[in-house]
Amino acid sequence: MLDFLQAVSDGVLFGATYALIGIGFTLVFGVMHKINMAYAAASVGGAYAGLLVLTVMSGAPPWLVFLGAFAAGGLLGWMVYVTCFHFIPLSSPLATLMSTVGMLLLIDEVIVHVTAGMPQSYPAMFDDVMLRAGEFSMRGDLLLVFAVSVLAMIALLLLLYRTSLGLATRAVSQQPVAAQLCGIRLVRVNALTFVITGLLGGLAGALIGASVGTLSPLLTTPLTVKGLIVTVIGGLGSIPGAILAGLLVGGFENVLQLYRGVTERDLYVMLLLFAFLTFRPGGLFAPKSGRD
Amino acid sequence: MDFYFGLAQLIGVHTLLGLSAYIVLLTGQVSLAQAGFFAVGAYTAGMLTVLAGWHLVPALGVSAVTGAAVACAVGFPALRVKGLMLVIATLAFGEGVRLFFFNFDYQIAKGEIKVGPLGGEGFRQIRFFPENGWETGEVMLFIWVFVVAAMALLWWFDRSRYGTVLRAVGEDELAAQSVGVNLTAVKVSAMTVGGAIAGVGGGLYAHYTTHIEHASFNILVATFAIAYPIVGGLRSVFGTLLAVIFVQGFLVEGLRFLGDWRNLLFGALIVLAMNLRPSGILGRRHA
């Protein structure tokens with residue numbers, strides 16, 4: 001029983017990073033009705049770029065690396081927008097899907113090329129702290145990951161619901177044409193959405209790097225798949241759904257890792273997804289209007 | 001010469017993979033599950049020839065049927081969701097199949113050694129061609145018989161009533177439904193045909209490489225499968241063939257002298273191609 005609780009708590013804490021990645025997918029989907037397949041790769045790329053801080057200034061504190069990853073993620077998000085979305089007409093959904101996949105491969109290869117394929121160790125904070133309650137314990141670095149993720153989500157929700165940029169973003173996601181008629185610049189809102197999701201992604205990448213301890217290009221595929229699963233389980237376009245689904249998937253996979261081992265774990269996550277697709281295709285929080 | 005035969009084998013198998021995604025794309029659905037059907041076909045055919053001692057041709061037939069059955073089974077629940085949801089559902093299915101074979105052990109002793117799929121180590125010793133003394137050129141011709149057959153089948157579909165229905169669903173589901181087209185039947189049948197083609201392709205792939213493992217069926221393969229018809233354009237099956245030759249012949253083999261940089265260029269060229277020709281190389285000019 002204690003093992004079970006321990007697995008759930010560790011999984012849910014790490015699941016916060018899945019939630020961040022899921023939010024990135026879902027936000028772009030909400031605004032543009034497109035999937036940005038390069039998102040997880042760009043997030044990992046941002047985390048790698050954060051390591052540049054260490055080469056410029058050796059012995060920099062970890063939070064500076066995280067900040068670097070945050071900024072680099074935003075920049076990468078903007079680059080993905082320009083290269084994969086800006087010049088491709090909205091009426092060619094297949095073309096944007098393919099261009100973002102191309103971008104995913106490109107980012108992956110750039111990482112492999114620059115690091116010669118070697119995993120890079122990533123700085124962590126509070127990794128020597130351990131909260132204990134009897135046999136039950138909580139890793140300090142995972143708690144930090146969770147806390148930072150929650151803060152980032154709160155900041156995002158404030159941005160979306162308390163600022164005029166957020167109002168414009170929500171308007172574009174509901175009625176792009178009407179929003180344009182009200183004087184909202186679509187292109188600007190779209191580009192800014194990519195920058196915002198990119199910032200979140202860079203942060204998520206850095207947090208994942210910190211809690212795993214190393215970064216490797218092998219992370220991009222599982223992160224892409226998990227992020228997309230979280231998006232679907234939460235309901236496409238729903239931010240609270242993505243948050244809840246991220247924590248759910250994190251806890252679920254860690255419990256199954258405990259009972260079935262690491263090689264079988266992801267198989268059950270796929271089964272969870274199919275259970276949702278069969279019994280609740282709209283996800284936890286399905287948006288009311290069934291737009292595609 | 002063997003090098004070119006080998007390249008032609010690769011192009012043939014990848015054309016089958018691309019064609020399996022082509023017919024699904026005609027109905028407007030993007031399926032990233034093709035690598036999964038490809039894997040099912042590869043393991044089925046490999047197990048039948050190696051473990052059960054079958055001849056390759058009936059084994060490929062069983063591969064086709066298995067691939068079609070799995071595709072049909074996936075099609076029903078997965079096609080309840082539309083568009084981008086389907087991309088994710090099929091992506092997850094493909095990964096699920098890969099993970100299944102990652103955990104799949106079934107070995108029997110054959111003489112001195114044990115043969116059969118062994119989890120992460122993969123399935124070695126699929127030696128039907130060398131055991132029966134087939135030359136590389138003959139293997140290539142054998143593969144291309146299937147490629148030509150699949151292309152002819154899809155070309156004929158395109159010119160038949162069925163092809164028109166597929167494209168009608170792809171262009172506008174609502175309009176197609178309003179003239180009495182059964183959307184589910186059309187989509188699931190396209191998926192089933194695609195599954196059969198991918199199954200045959202997988203079976204051929206397993207035999208010409210002689211060694212398959214779960215990593216041979218990852219997301220990259222699934223991406224390649226949809227990339228060929230999208231890059232080539234959906235106007236005809238020849239677009240897919242052209243895209244396979246462009247990608248495997250030019251980007252992968254032709255640019256080998258660039259070494260490491262080739263992989264970098266690969267992603268960049270896909271991005272560039274989609275920016276310049278959103279409807280594919282042979283696609284319509286308007287977007």
# chains A, B, ... in the order shown; residues from 1 in each chain; ligands from 1
$ residues_around --residues "region 209-213 of chain A" --least-positions-apart "6" --cutoff "8 Å" --atoms "only C-alpha atoms" --output "ChimeraX atom specification"
/A:14,47,121-125,141-142,145
$ residues_around --residues "Gln107 (chain B)" --least-positions-apart "4" --cutoff "7 Å" --atoms "only C-alpha atoms" --output "PyMOL selection string"
chain B and resi 114-118
$ select_by_dssp --residues "region 60-283 of chain B" --states "strand (DSSP E or B)" --output "ChimeraX atom specification"
/B:105,108-110,113-115,117-118,122-123,212
$ write_last_selection --atoms "C-alpha atoms" --output "compact mmCIF listing (two decimals), in the first residue's frame"
# COMPACT_ATOMS: atom_id res chain seq x y z
CA ASP B 105 8.91 -13.32 -26.71
CA ILE B 108 11.42 -22.25 -30.36
CA ALA B 109 14.54 -24.38 -30.76
CA LYS B 110 15.43 -25.10 -34.37
CA ILE B 113 19.88 -22.30 -32.15
CA LYS B 114 16.69 -20.81 -30.84
CA VAL B 115 14.77 -18.70 -33.32
CA PRO B 117 11.05 -12.90 -31.75
CA LEU B 118 12.85 -12.06 -28.51
CA GLY B 122 14.25 -8.39 -32.02
CA PHE B 123 13.65 -11.21 -34.46
CA ILE B 212 13.52 -6.93 -37.47
$ residues_around --residues "Phe129 (chain B)" --least-positions-apart "3" --cutoff "8 Å" --atoms "only C-alpha atoms" --output "MDAnalysis selection string"
chainID B and resid 132:135 139 207:208
$ write_last_selection --atoms "C-alpha atoms" --output "PDB file, in the first residue's frame"
ATOM      1  CA  ASN B 132      16.296 -20.936 -50.865  1.00  0.00           C
ATOM      2  CA  GLY B 133      19.162 -19.432 -52.839  1.00  0.00           C
ATOM      3  CA  TRP B 134      17.451 -16.299 -54.146  1.00  0.00           C
ATOM      4  CA  GLU B 135      19.734 -13.695 -55.760  1.00  0.00           C
ATOM      5  CA  VAL B 139      14.323 -10.648 -54.573  1.00  0.00           C
ATOM      6  CA  HIS B 207      12.527 -11.019 -45.355  1.00  0.00           C
ATOM      7  CA  TYR B 208      14.882  -8.772 -47.234  1.00  0.00           C
TER       8      TYR B 208
END
$ residues_around --residues "Glu135 (chain A)" --least-positions-apart "5" --cutoff "12 Å" --atoms "only C-alpha atoms" --output "list in words"
Met1, Leu2, Asp3, Leu5, Gln6 and Met130 of chain A
$ interface_residues --of "chain A" --to "chain B" --cutoff "6 Å" --atoms "only C-alpha atoms" --output "JSON list (two decimals) with C-alpha atoms, in the first residue's frame"
[["chain", "number", "residue", "atom", "x", "y", "z"],
["A", 88, "ILE", "CA", 1.34, 27.81, -45.40],
["A", 95, "ALA", "CA", 0.98, 20.61, -45.17],
["A", 99, "SER", "CA", 6.08, 20.73, -41.99],
["A", 102, "GLY", "CA", 9.91, 17.96, -40.64],
["A", 103, "MET", "CA", 10.76, 20.53, -37.98],
["A", 105, "LEU", "CA", 13.20, 15.77, -37.26],
["A", 106, "LEU", "CA", 15.31, 18.88, -37.87],
["A", 109, "GLU", "CA", 19.06, 16.16, -35.69],
["A", 267, "LEU", "CA", 1.64, 0.05, -23.26],
["A", 270, "MET", "CA", -1.89, 3.66, -24.68]]
